[in-house]
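Data block below; observations after.
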Amino acid sequence: MSELRVTVVSPADRAERTVTTGTRAWELFRDDPSVIAARVSGELRDLSYELADRDAVEAVSIDSPDGRDILRHSTAHVMAQAVQQLFPDAKLGIGPPITDGFYYDFGVSEPFKPDDLEKIESRMRKLIKEGQRFSRRLVSDDEARDELAGEPYKLELIELKGAAEADAAEGAGVEVGAGQLTMYDNLDRDGSLAWKDLCRGPHLPTTKRIPAFALARSAAAYWRGDEQNPQLQRIYGTAWESKDALEAHLARLEEAARRDHRRLGAELDLFSFPDELGSGLVVFHPKGGVVRKVMEDYSRSRHAESGYEFVYTPHLAKSELFETSGHLQWYADGMYPPIEMEGARYYPKPMNCPGHILIYRSRGRSYRELPLRLFEFGTVYRYEKSGVVHGLTRARGFTQDDSHIFCTPDQLAGELASLLDFVLGLLRDFGLTDIEPELALRDDSDKYVGEQAQWDVAEAALRSAIEALGLAYVEAPGEANFYSPKIDIHVRDAIGRRWQMSTLQVDLQLPTRFDIEYQAADGSRPRPYMIHRALFGSIERFFGILTEHYAGAFPPWLAPVQVAAIPIAERHENYLGDLAAQLEAVGVRVEVDRSDERMQKKIRTAQLQKVPFMVIAGDRDVEDGAVSFRYRSGDQDNGVPVAEAIARIVEAVELRTQV
């Protein structure tokens, strides 16, 4: 046997090793049971991969992001095998890993029931115990068609191989070389074929390497996400590297369900989604309206302090505007159908930027006016597919806190740094302090438009803005929009979920498409740079995220009712009414509970409504000019003078502290 030189890569170092021809990747990591795959010269491979000379090999542990994806994809295969054993007529769709889990789509005659999922889970446990081996092999298109003759959706994927649509078939297996596909066989211990699937892999060595999993639910899903295609049944599940990790995940799901903004919106009387309005369209109730108004008023005041100018643009515009902007070319699927009127076609606007450019273009501009910062709470409409609409966080009608800044090339880097500082400060004011910037850049693909020199200037300015603030960040090549690089701000909420929030984007196309310019000091007329900046993303989405972050217990400055005044008996109502008037005079939102309920029931109601403060009064309090002062936590101070109680409340509201 000849010798091969391979490099074993670890977080600590790179070590060269000599191995013989035919050595498999698993042999390098035989002493580490956590390793379930390998990254070979940048590509994820099964541990059964045969090493080649000069390979650089890195272990992939089951608790790493790549390892979890492989674990979950393998578990999806086991689930599909179990489904076809229990439901032989089920047709296979695709089964990729997703965030914290996996799914698999099936063509079946009847939707899955909860009892079916229990049976599938039980069969999966049996298959896992059997220790079936995942074995990869190459097949030609014709061989794949023959082997999967009864699987119409797999046959469609074979036809899509090499086409752009195949990208949508993540995990479905179109790949690897010279017109070949990859098939994975599940082999029994005696080597006989138990099941097979078209798949790009990689996979775990055996089903026994699945330590912990659970199925979650089933739902309808259109094949390849297209409403024109057949509706399949999708089963969701999750898999983790240990039972403890699975239990922790399930606990997080329970906590997330407790914080679900849709449930809290109904319980706290904040907002609702009437069927009469249509999917993805929300109405804010008075209490929700208070929270939204406070959010908007605070944002407006901060923008005014920072030199923004407020503008307003209409909800509709003629098709010519969106032809110029390119939205009808690049974004038509996300727009509502047009309205035909007076010989013209009008569209509900999907974005505010075209209107802001028209304001800029309404007259000649001088370099002395720049940077020009335009700001609008502008409502937009986007046709989200029904399957992805999700309460406030994925709606069809929503209001963006949209700003567009027009500046000279020399101003670009400084303006971006100032914008980023502004964005981070405002997010922190709302209590979102765990912030992760991501710099989205172009890669070497040909999907991007515009001159390379412009991209270089924009990317350098964005990078400089992050570094000027001393922020840790990650670069994401290939994640830029096709027309511009950007900074995406991600935040983590109170239970560790990551949300993509604000965006700062240097637009390299719209100034050219709208032919906007300014007069420079030398008399020339160059184009300005244009920066898109959405801070909240949308008021609705931000509202939903804050609701879940605080589990509905908003800090006092945001709470719809800041104080509940609770009389012990009817004779104490006027006393608390006078106190309420004093609080209202200094801008505090207070309600006096004049219901016939007993005091304990009134306290319970205020607690369920997550009111930050309660002031309770009885005979002794009236006599002493005091109240019993109760916090949302249940802590209570008795005999607090009225002036001190008011001071405590005002201080908490003004400092924007959580109690």
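Chains: A, B, ... in order of the structure tokens. Residues: from 1 per chain. Ligands: from 1, in order shown.
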
Excluding A:Asp522 and any residue of its chain fewer than 4 positions from it, enumerate the residues within 12 Å of it, using only C-alpha atoms, and give them as a PDB file with N, CA and C atoms, in the first residue's frame.
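To be explicit, this is the file written out as part-v2.pdb:
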```pdb
ATOM      1  N   SER A 366     -27.894  70.744  -3.472  1.00  0.00           N
ATOM      2  CA  SER A 366     -26.502  71.169  -3.377  1.00  0.00           C
ATOM      3  C   SER A 366     -25.788  70.309  -2.341  1.00  0.00           C
ATOM      4  N   TYR A 367     -24.469  70.225  -2.499  1.00  0.00           N
ATOM      5  CA  TYR A 367     -23.676  69.489  -1.508  1.00  0.00           C
ATOM      6  C   TYR A 367     -23.845  70.084  -0.114  1.00  0.00           C
ATOM      7  N   TYR A 518     -26.451  65.827  -7.222  1.00  0.00           N
ATOM      8  CA  TYR A 518     -26.348  67.067  -6.453  1.00  0.00           C
ATOM      9  C   TYR A 518     -25.238  67.911  -7.070  1.00  0.00           C
ATOM     10  N   PRO A 526     -22.370  65.021  -9.426  1.00  0.00           N
ATOM     11  CA  PRO A 526     -22.266  63.577  -9.154  1.00  0.00           C
ATOM     12  C   PRO A 526     -23.532  63.035  -8.502  1.00  0.00           C
TER      13      PRO A 526
END
```

Per-residue DSSP, stretch 130-298 of chain A, filtered to helix (DSSP H, G or I), as a ChimeraX atom specification: /A:130,141-147,152-160,164-168,207-209,223-225,243-259,261-267,286-298

Distance in Å - atom CA of A:Glu143 versus atom CA of A:Thr182: 10.7 Å

Spatial neighbours of stretch 254-265 of chain A, 6 Å, only C-alpha atoms, chain gap at least 3 places, as an MDAnalysis selection string: chainID A and resid 251 268:271 544 547:548 551

Just the selected residues (N, CA and C atoms), exported as a compact mmCIF listing (two decimals), in the first residue's frame, please.
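As a result, part_1.txt now contains:
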```
# COMPACT_ATOMS: atom_id res chain seq x y z
N ALA A 251 -37.87 22.65 27.07
CA ALA A 251 -38.19 23.66 28.07
C ALA A 251 -38.21 25.05 27.45
N LEU A 268 -53.86 40.25 27.04
CA LEU A 268 -53.63 41.60 27.55
C LEU A 268 -54.41 42.65 26.78
N ASP A 269 -55.26 42.21 25.83
CA ASP A 269 -56.12 43.10 25.07
C ASP A 269 -55.30 44.15 24.32
N LEU A 270 -54.25 43.69 23.63
CA LEU A 270 -53.36 44.60 22.92
C LEU A 270 -53.70 44.72 21.44
N PHE A 271 -53.98 43.59 20.77
CA PHE A 271 -54.22 43.60 19.33
C PHE A 271 -54.94 42.31 18.96
N GLY A 544 -44.11 42.83 18.47
CA GLY A 544 -44.22 41.40 18.77
C GLY A 544 -42.99 40.88 19.49
N THR A 547 -42.93 42.16 23.02
CA THR A 547 -43.94 41.46 23.83
C THR A 547 -43.39 40.12 24.31
N GLU A 548 -42.70 39.41 23.44
CA GLU A 548 -42.14 38.11 23.82
C GLU A 548 -40.89 38.28 24.70
N ALA A 551 -42.25 39.00 27.96
CA ALA A 551 -43.38 38.13 28.31
C ALA A 551 -44.62 38.94 28.67
```

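Near A:Ala413, within 7 Å and counting only C-alpha atoms, sit Ala461, Leu462, Ser464 and Ala465 of chain A; same-chain residues fewer than 5 positions away were not included.
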
Which of stretch 180-358 of chain A DSSP labels strand (DSSP E or B), written as a short mmCIF file (atom, residue, chain, number, x, y, z; two decimals) with N, CA and C atoms, in the first residue's frame:
```cif
data_model
loop_
_atom_site.label_atom_id
_atom_site.label_comp_id
_atom_site.auth_asym_id
_atom_site.auth_seq_id
_atom_site.Cartn_x
_atom_site.Cartn_y
_atom_site.Cartn_z
N GLN A 180 -23.70 12.79 -11.87
CA GLN A 180 -24.14 11.75 -10.95
C GLN A 180 -24.87 12.34 -9.76
N LEU A 181 -25.72 11.51 -9.18
CA LEU A 181 -26.46 11.84 -7.97
C LEU A 181 -25.94 10.97 -6.84
N THR A 182 -26.37 11.32 -5.63
CA THR A 182 -25.99 10.48 -4.48
C THR A 182 -27.23 9.85 -3.88
N MET A 183 -27.14 8.58 -3.61
CA MET A 183 -28.19 7.81 -2.96
C MET A 183 -27.64 7.33 -1.62
N TYR A 184 -28.47 7.37 -0.60
CA TYR A 184 -28.08 6.81 0.70
C TYR A 184 -28.96 5.61 1.00
N ASP A 185 -28.30 4.48 1.28
CA ASP A 185 -28.97 3.25 1.67
C ASP A 185 -28.91 3.11 3.18
N ASN A 186 -30.02 2.70 3.78
CA ASN A 186 -30.01 2.29 5.18
C ASN A 186 -29.86 0.77 5.19
N LEU A 187 -28.71 0.29 5.70
CA LEU A 187 -28.38 -1.13 5.65
C LEU A 187 -28.52 -1.78 7.01
N LEU A 193 -30.47 -4.30 2.32
CA LEU A 193 -31.06 -2.96 2.17
C LEU A 193 -32.38 -2.88 2.93
N ALA A 194 -32.48 -1.90 3.83
CA ALA A 194 -33.71 -1.68 4.57
C ALA A 194 -34.54 -0.54 3.99
N TRP A 195 -33.86 0.46 3.41
CA TRP A 195 -34.55 1.66 2.90
C TRP A 195 -33.52 2.48 2.15
N LYS A 196 -33.97 3.41 1.29
CA LYS A 196 -33.03 4.27 0.56
C LYS A 196 -33.69 5.60 0.24
N ASP A 197 -32.85 6.59 0.01
CA ASP A 197 -33.36 7.92 -0.32
C ASP A 197 -32.32 8.66 -1.14
N LEU A 198 -32.80 9.48 -2.06
CA LEU A 198 -31.94 10.37 -2.83
C LEU A 198 -31.52 11.52 -1.92
N THR A 206 -24.31 5.47 11.81
CA THR A 206 -25.42 4.53 11.97
C THR A 206 -26.56 5.23 12.69
N ALA A 212 -31.09 11.53 20.98
CA ALA A 212 -32.34 12.04 21.54
C ALA A 212 -33.10 12.79 20.46
N PHE A 213 -34.38 12.51 20.34
CA PHE A 213 -35.21 13.18 19.35
C PHE A 213 -36.65 13.24 19.84
N ALA A 214 -37.45 14.06 19.19
CA ALA A 214 -38.89 14.12 19.47
C ALA A 214 -39.58 14.68 18.24
N LEU A 215 -40.76 14.17 17.94
CA LEU A 215 -41.58 14.75 16.88
C LEU A 215 -42.48 15.81 17.49
N ALA A 216 -42.73 16.87 16.73
CA ALA A 216 -43.45 18.02 17.27
C ALA A 216 -44.89 18.09 16.76
N ARG A 217 -45.06 18.15 15.46
CA ARG A 217 -46.39 18.37 14.91
C ARG A 217 -46.36 18.09 13.42
N SER A 218 -47.54 18.06 12.83
CA SER A 218 -47.64 17.97 11.38
C SER A 218 -48.44 19.16 10.87
N ALA A 219 -48.22 19.51 9.61
CA ALA A 219 -48.91 20.65 9.02
C ALA A 219 -48.92 20.48 7.51
N ALA A 220 -49.83 21.18 6.86
CA ALA A 220 -49.86 21.16 5.40
C ALA A 220 -48.75 22.04 4.85
N ALA A 221 -48.19 21.64 3.72
CA ALA A 221 -47.13 22.43 3.07
C ALA A 221 -47.17 22.16 1.58
N TYR A 222 -47.08 23.24 0.79
CA TYR A 222 -47.06 23.06 -0.66
C TYR A 222 -45.70 22.52 -1.11
N GLN A 231 -50.45 19.93 -2.34
CA GLN A 231 -50.26 20.14 -0.91
C GLN A 231 -49.86 18.83 -0.26
N LEU A 232 -48.73 18.85 0.43
CA LEU A 232 -48.21 17.67 1.10
C LEU A 232 -48.43 17.81 2.61
N GLN A 233 -48.07 16.76 3.34
CA GLN A 233 -48.10 16.80 4.79
C GLN A 233 -46.66 16.84 5.30
N ARG A 234 -46.37 17.82 6.14
CA ARG A 234 -45.03 18.01 6.68
C ARG A 234 -45.02 17.62 8.16
N ILE A 235 -44.08 16.77 8.53
CA ILE A 235 -43.90 16.42 9.94
C ILE A 235 -42.62 17.10 10.44
N TYR A 236 -42.76 17.85 11.54
CA TYR A 236 -41.64 18.54 12.16
C TYR A 236 -41.13 17.73 13.35
N GLY A 237 -39.82 17.77 13.55
CA GLY A 237 -39.24 17.13 14.71
C GLY A 237 -37.97 17.84 15.12
N THR A 238 -37.35 17.36 16.17
CA THR A 238 -36.08 17.91 16.62
C THR A 238 -35.20 16.77 17.10
N ALA A 239 -33.90 16.98 17.05
CA ALA A 239 -32.93 15.98 17.52
C ALA A 239 -31.75 16.72 18.12
N TRP A 240 -31.19 16.14 19.19
CA TRP A 240 -30.11 16.78 19.92
C TRP A 240 -29.05 15.77 20.30
N PHE A 271 -53.98 43.59 20.77
CA PHE A 271 -54.22 43.60 19.33
C PHE A 271 -54.94 42.31 18.96
N SER A 272 -55.44 42.27 17.72
CA SER A 272 -56.09 41.05 17.22
C SER A 272 -55.98 41.02 15.71
N VAL A 283 -55.21 44.73 13.89
CA VAL A 283 -55.76 45.95 14.49
C VAL A 283 -55.22 46.04 15.91
N PHE A 284 -54.81 47.25 16.29
CA PHE A 284 -54.33 47.49 17.65
C PHE A 284 -55.48 48.01 18.50
N GLU A 309 -35.44 64.71 9.02
CA GLU A 309 -36.59 65.48 8.57
C GLU A 309 -37.73 64.51 8.26
N PHE A 310 -38.93 64.85 8.74
CA PHE A 310 -40.07 63.94 8.67
C PHE A 310 -40.84 64.15 7.37
N LEU A 316 -50.37 54.19 -2.17
CA LEU A 316 -50.45 53.68 -3.54
C LEU A 316 -49.54 54.49 -4.44
N ALA A 317 -49.12 53.85 -5.52
CA ALA A 317 -48.35 54.57 -6.54
C ALA A 317 -48.56 53.90 -7.89
N LYS A 318 -48.36 54.65 -8.94
CA LYS A 318 -48.51 54.10 -10.28
C LYS A 318 -47.41 53.07 -10.57
N ILE A 339 -54.25 47.76 -8.92
CA ILE A 339 -55.61 48.29 -9.00
C ILE A 339 -55.69 49.08 -10.30
N GLU A 340 -56.64 48.71 -11.16
CA GLU A 340 -56.81 49.40 -12.44
C GLU A 340 -57.75 50.58 -12.22
N MET A 341 -57.29 51.80 -12.59
CA MET A 341 -58.10 52.97 -12.32
C MET A 341 -57.71 54.10 -13.27
N ALA A 344 -54.79 53.72 -15.55
CA ALA A 344 -53.46 53.50 -14.97
C ALA A 344 -53.52 52.32 -14.01
N ARG A 345 -52.36 51.75 -13.72
CA ARG A 345 -52.25 50.64 -12.77
C ARG A 345 -51.56 51.16 -11.52
N TYR A 346 -52.24 50.99 -10.39
CA TYR A 346 -51.69 51.43 -9.11
C TYR A 346 -51.37 50.20 -8.25
N TYR A 347 -50.25 50.27 -7.55
CA TYR A 347 -49.85 49.19 -6.65
C TYR A 347 -49.78 49.70 -5.21
N PRO A 348 -50.27 48.93 -4.24
CA PRO A 348 -49.93 49.24 -2.85
C PRO A 348 -48.41 49.16 -2.70
#
```

Distance query A:Lys129 at most 9 Å, only C-alpha atoms, self and fewer than 5 positions along chain excluded, as a VMD selection string: chain A and resid 124 207 to 208
